[in-house]
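> Pasting structure-v1.txt below, which is compact mmCIF, N, CA and C atoms.
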# COMPACT_ATOMS: atom_id res chain seq x y z
N MET A 1 0.82 -1.19 0.00
CA MET A 1 0.00 0.00 0.00
C MET A 1 0.87 1.27 0.00
N LYS A 2 2.00 1.23 0.76
CA LYS A 2 2.88 2.40 0.79
C LYS A 2 3.49 2.67 -0.58
N LEU A 3 3.86 1.59 -1.29
CA LEU A 3 4.44 1.75 -2.62
C LEU A 3 3.44 2.38 -3.57
N PHE A 4 2.18 1.97 -3.48
CA PHE A 4 1.13 2.54 -4.33
C PHE A 4 0.97 4.02 -4.04
N ALA A 5 0.95 4.40 -2.76
CA ALA A 5 0.80 5.80 -2.37
C ALA A 5 1.98 6.63 -2.86
N LYS A 6 3.19 6.07 -2.77
CA LYS A 6 4.38 6.78 -3.23
C LYS A 6 4.32 7.00 -4.74
N ASN A 7 3.94 5.96 -5.50
CA ASN A 7 3.85 6.09 -6.95
C ASN A 7 2.75 7.06 -7.35
N LEU A 8 1.65 7.07 -6.61
CA LEU A 8 0.56 7.98 -6.90
C LEU A 8 0.99 9.42 -6.66
N LYS A 9 1.71 9.66 -5.57
CA LYS A 9 2.20 11.00 -5.25
C LYS A 9 3.18 11.47 -6.31
N GLU A 10 4.04 10.57 -6.76
CA GLU A 10 5.03 10.92 -7.78
C GLU A 10 4.37 11.22 -9.11
N ALA A 11 3.27 10.56 -9.40
CA ALA A 11 2.57 10.75 -10.67
C ALA A 11 1.77 12.06 -10.69
N LYS A 12 1.61 12.70 -9.55
CA LYS A 12 0.81 13.92 -9.47
C LYS A 12 1.40 15.08 -10.25
N GLY A 13 2.69 15.10 -10.47
CA GLY A 13 3.29 16.19 -11.22
C GLY A 13 4.58 16.68 -10.63
N PRO A 14 4.80 18.00 -10.70
CA PRO A 14 6.08 18.56 -10.26
C PRO A 14 6.36 18.28 -8.79
N GLY A 15 7.64 18.13 -8.50
CA GLY A 15 8.04 17.88 -7.12
C GLY A 15 9.44 18.39 -6.86
N GLU A 16 9.88 18.21 -5.62
CA GLU A 16 11.23 18.60 -5.22
C GLU A 16 12.15 17.40 -5.37
N TYR A 17 13.41 17.66 -5.76
CA TYR A 17 14.37 16.59 -6.00
C TYR A 17 15.70 16.93 -5.34
N SER A 18 16.49 15.87 -5.13
CA SER A 18 17.86 16.04 -4.64
C SER A 18 18.80 15.23 -5.51
N ALA A 19 20.01 15.72 -5.63
CA ALA A 19 21.06 15.03 -6.38
C ALA A 19 22.27 14.95 -5.46
N ASN A 20 22.71 13.73 -5.19
CA ASN A 20 23.85 13.50 -4.31
C ASN A 20 23.63 14.12 -2.92
N GLY A 21 22.37 14.08 -2.46
CA GLY A 21 22.03 14.60 -1.15
C GLY A 21 21.86 16.11 -1.07
N ILE A 22 21.93 16.79 -2.19
CA ILE A 22 21.81 18.25 -2.24
C ILE A 22 20.49 18.61 -2.92
N THR A 23 19.69 19.46 -2.27
CA THR A 23 18.42 19.88 -2.86
C THR A 23 18.67 20.64 -4.15
N VAL A 24 17.92 20.30 -5.19
CA VAL A 24 18.09 20.94 -6.49
C VAL A 24 17.22 22.20 -6.55
N LEU A 25 17.84 23.31 -6.93
CA LEU A 25 17.15 24.57 -7.19
C LEU A 25 17.47 24.99 -8.61
N CYS A 26 16.51 25.58 -9.28
CA CYS A 26 16.73 26.04 -10.64
C CYS A 26 17.83 27.10 -10.66
N VAL A 27 18.79 26.95 -11.55
CA VAL A 27 19.89 27.90 -11.64
C VAL A 27 19.45 29.22 -12.27
N HIS A 28 18.30 29.21 -12.92
CA HIS A 28 17.82 30.43 -13.58
C HIS A 28 16.90 31.25 -12.68
N CYS A 29 15.86 30.60 -12.10
CA CYS A 29 14.87 31.35 -11.31
C CYS A 29 14.82 30.94 -9.84
N HIS A 30 15.64 29.98 -9.43
CA HIS A 30 15.76 29.52 -8.04
C HIS A 30 14.50 28.84 -7.50
N TYR A 31 13.66 28.32 -8.39
CA TYR A 31 12.46 27.59 -7.98
C TYR A 31 12.85 26.16 -7.61
N ASN A 32 12.01 25.46 -6.84
CA ASN A 32 12.39 24.13 -6.37
C ASN A 32 11.45 23.01 -6.81
N LYS A 33 10.59 23.25 -7.78
CA LYS A 33 9.67 22.22 -8.27
C LYS A 33 10.01 21.88 -9.72
N PHE A 34 10.11 20.57 -9.98
CA PHE A 34 10.55 20.11 -11.30
C PHE A 34 9.71 18.93 -11.79
N GLU A 35 9.66 18.77 -13.10
CA GLU A 35 9.16 17.56 -13.74
C GLU A 35 10.39 16.73 -14.10
N LYS A 36 10.33 15.42 -13.87
CA LYS A 36 11.46 14.55 -14.18
C LYS A 36 11.27 13.93 -15.55
N SER A 37 12.38 13.81 -16.29
CA SER A 37 12.35 13.20 -17.60
C SER A 37 13.70 12.53 -17.88
N TYR A 38 13.83 11.97 -19.06
CA TYR A 38 15.06 11.30 -19.48
C TYR A 38 15.39 11.70 -20.91
N ALA A 39 16.67 11.65 -21.27
CA ALA A 39 17.11 11.90 -22.63
C ALA A 39 18.21 10.92 -22.98
N GLN A 40 18.15 10.40 -24.18
CA GLN A 40 19.17 9.46 -24.63
C GLN A 40 20.38 10.23 -25.14
N LEU A 41 21.56 9.80 -24.76
CA LEU A 41 22.80 10.45 -25.16
C LEU A 41 23.39 9.70 -26.37
N ASN A 42 22.94 10.07 -27.55
CA ASN A 42 23.38 9.39 -28.76
C ASN A 42 24.81 9.77 -29.13
N THR A 43 25.52 8.81 -29.72
CA THR A 43 26.86 9.06 -30.23
C THR A 43 26.87 8.74 -31.72
N ALA A 44 27.74 9.40 -32.46
CA ALA A 44 27.79 9.22 -33.90
C ALA A 44 28.13 7.77 -34.28
N PHE A 45 29.06 7.18 -33.55
CA PHE A 45 29.48 5.81 -33.87
C PHE A 45 28.34 4.82 -33.70
N MET A 46 27.64 4.91 -32.55
CA MET A 46 26.53 3.98 -32.31
C MET A 46 25.38 4.23 -33.29
N SER A 47 25.16 5.48 -33.66
CA SER A 47 24.13 5.78 -34.65
C SER A 47 24.51 5.20 -36.01
N PHE A 48 25.79 5.29 -36.36
CA PHE A 48 26.29 4.73 -37.62
C PHE A 48 26.04 3.22 -37.67
N LEU A 49 26.20 2.55 -36.53
CA LEU A 49 25.97 1.10 -36.46
C LEU A 49 24.51 0.75 -36.21
N ASN A 50 23.64 1.78 -36.16
CA ASN A 50 22.21 1.59 -35.90
C ASN A 50 21.98 0.95 -34.52
N LEU A 51 22.78 1.34 -33.54
CA LEU A 51 22.68 0.81 -32.18
C LEU A 51 22.36 1.92 -31.17
N ASP A 52 21.53 2.87 -31.57
CA ASP A 52 21.20 4.00 -30.69
C ASP A 52 20.61 3.55 -29.36
N PHE A 53 19.89 2.44 -29.37
CA PHE A 53 19.26 1.95 -28.14
C PHE A 53 20.29 1.59 -27.07
N ALA A 54 21.52 1.33 -27.46
CA ALA A 54 22.56 0.92 -26.50
C ALA A 54 23.26 2.10 -25.83
N ASN A 55 22.96 3.31 -26.26
CA ASN A 55 23.58 4.49 -25.65
C ASN A 55 23.01 4.75 -24.26
N ARG A 56 23.78 5.45 -23.46
CA ARG A 56 23.35 5.80 -22.10
C ARG A 56 22.26 6.87 -22.14
N SER A 57 21.58 7.04 -21.00
CA SER A 57 20.57 8.08 -20.85
C SER A 57 20.97 9.03 -19.74
N ALA A 58 20.46 10.25 -19.83
CA ALA A 58 20.68 11.26 -18.79
C ALA A 58 19.34 11.53 -18.11
N ASN A 59 19.41 11.88 -16.82
CA ASN A 59 18.22 12.30 -16.09
C ASN A 59 18.04 13.80 -16.29
N LEU A 60 16.81 14.21 -16.53
CA LEU A 60 16.51 15.62 -16.72
C LEU A 60 15.53 16.09 -15.66
N LEU A 61 15.72 17.30 -15.19
CA LEU A 61 14.74 17.98 -14.36
C LEU A 61 14.38 19.27 -15.08
N ILE A 62 13.08 19.47 -15.32
CA ILE A 62 12.60 20.64 -16.03
C ILE A 62 11.88 21.53 -15.03
N CYS A 63 12.37 22.75 -14.86
CA CYS A 63 11.81 23.68 -13.90
C CYS A 63 10.34 23.94 -14.24
N ASP A 64 9.49 23.82 -13.24
CA ASP A 64 8.06 24.01 -13.45
C ASP A 64 7.69 25.48 -13.62
N ARG A 65 8.56 26.38 -13.22
CA ARG A 65 8.28 27.82 -13.34
C ARG A 65 8.78 28.39 -14.67
N CYS A 66 10.06 28.20 -14.96
CA CYS A 66 10.64 28.85 -16.15
C CYS A 66 10.96 27.90 -17.30
N GLY A 67 10.97 26.60 -17.04
CA GLY A 67 11.23 25.63 -18.11
C GLY A 67 12.68 25.31 -18.35
N TYR A 68 13.59 25.86 -17.55
CA TYR A 68 15.01 25.57 -17.71
C TYR A 68 15.24 24.07 -17.51
N ILE A 69 16.06 23.46 -18.36
CA ILE A 69 16.32 22.02 -18.29
C ILE A 69 17.68 21.78 -17.64
N HIS A 70 17.66 21.00 -16.56
CA HIS A 70 18.88 20.62 -15.84
C HIS A 70 19.22 19.18 -16.20
N TRP A 71 20.45 18.92 -16.60
CA TRP A 71 20.90 17.59 -16.99
C TRP A 71 21.73 16.97 -15.86
N PHE A 72 21.47 15.68 -15.58
CA PHE A 72 22.21 14.97 -14.54
C PHE A 72 22.70 13.64 -15.10
N ASN A 73 23.97 13.34 -14.83
CA ASN A 73 24.56 12.08 -15.24
C ASN A 73 24.35 11.00 -14.18
N LYS A 74 24.06 11.40 -12.97
CA LYS A 74 23.84 10.48 -11.85
C LYS A 74 22.35 10.44 -11.51
N GLU A 75 22.01 9.53 -10.62
CA GLU A 75 20.61 9.37 -10.21
C GLU A 75 20.13 10.57 -9.39
N ILE A 76 18.90 10.96 -9.61
CA ILE A 76 18.27 12.01 -8.81
C ILE A 76 17.08 11.41 -8.09
N LYS A 77 16.79 11.92 -6.90
CA LYS A 77 15.72 11.35 -6.08
C LYS A 77 14.68 12.41 -5.75
N ARG A 78 13.43 12.00 -5.79
CA ARG A 78 12.34 12.89 -5.40
C ARG A 78 12.32 13.01 -3.89
N VAL A 79 12.13 14.22 -3.39
CA VAL A 79 12.07 14.48 -1.95
C VAL A 79 10.60 14.55 -1.55
N TYR A 80 10.24 13.71 -0.58
CA TYR A 80 8.86 13.70 -0.08
C TYR A 80 8.83 14.37 1.28
N SER A 81 7.95 15.35 1.38
CA SER A 81 7.84 16.05 2.67
C SER A 81 6.51 15.78 3.35
Just give me the structure of the file as structure tokens.


Amino acid sequence: MKLFAKNLKEAKGPGEYSANGITVLCVHCHYNKFEKSYAQLNTAFMSFLNLDFANRSANLLICDRCGYIHWFNKEIKRVYS
């Protein structure tokens, strides 16, 4: 039941996140609510071999106020208050 509640809360929309134990704030407008997304990091060589699916992905946080996109190479965690 707790897992369901956590997933439901996360699905509600923008939230606060931390990266490496540090609260994430938008570098442009200093807001603290973000939408989480992912982006594939394509490389020319893998694209040439038609193996784009094997490339790594980056974690993205999109500021809910101004839309600035923050890129993270490491895992980011949603903060529940």

> Interatomic distance between atom C of Ile76 in chain A and atom N of Tyr17 in chain A?

7.6 Å

> Using all atoms listed in the file for the distances, tell me which of A:Asn50, A:Lys74, A:Tyr80, A:Leu60 is nearest to Asn20 in chain A.

A:Lys74

> Skipping near chain neighbours, those fewer than 4 positions away, what residues fall within 7 Å of Tyr31 in chain A using all atoms listed in the file, listed as a ChimeraX atom specification?

/A:24-27,63-65

> Take atom N of His70 in chain A and atom N of Lys33 in chain A and report the distance between them in Å, one decimal.

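If I compute the distance from atom N of His70 in chain A to atom N of Lys33 in chain A, I get 11.5 Å.
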
> Just checking: using all atoms listed in the file, which residue out of A:Gly15, A:Ala39, A:Ala44, A:Ile62 ends up closest to Val79 in chain A?

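For Val79 in chain A, the nearest of the given residues is A:Gly15.
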
> Quick check, in Å to one decimal: how far apart do CA of Trp71 in chain A and CA of Asn59 in chain A lie?

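Interatomic distance here is 6.0 Å.
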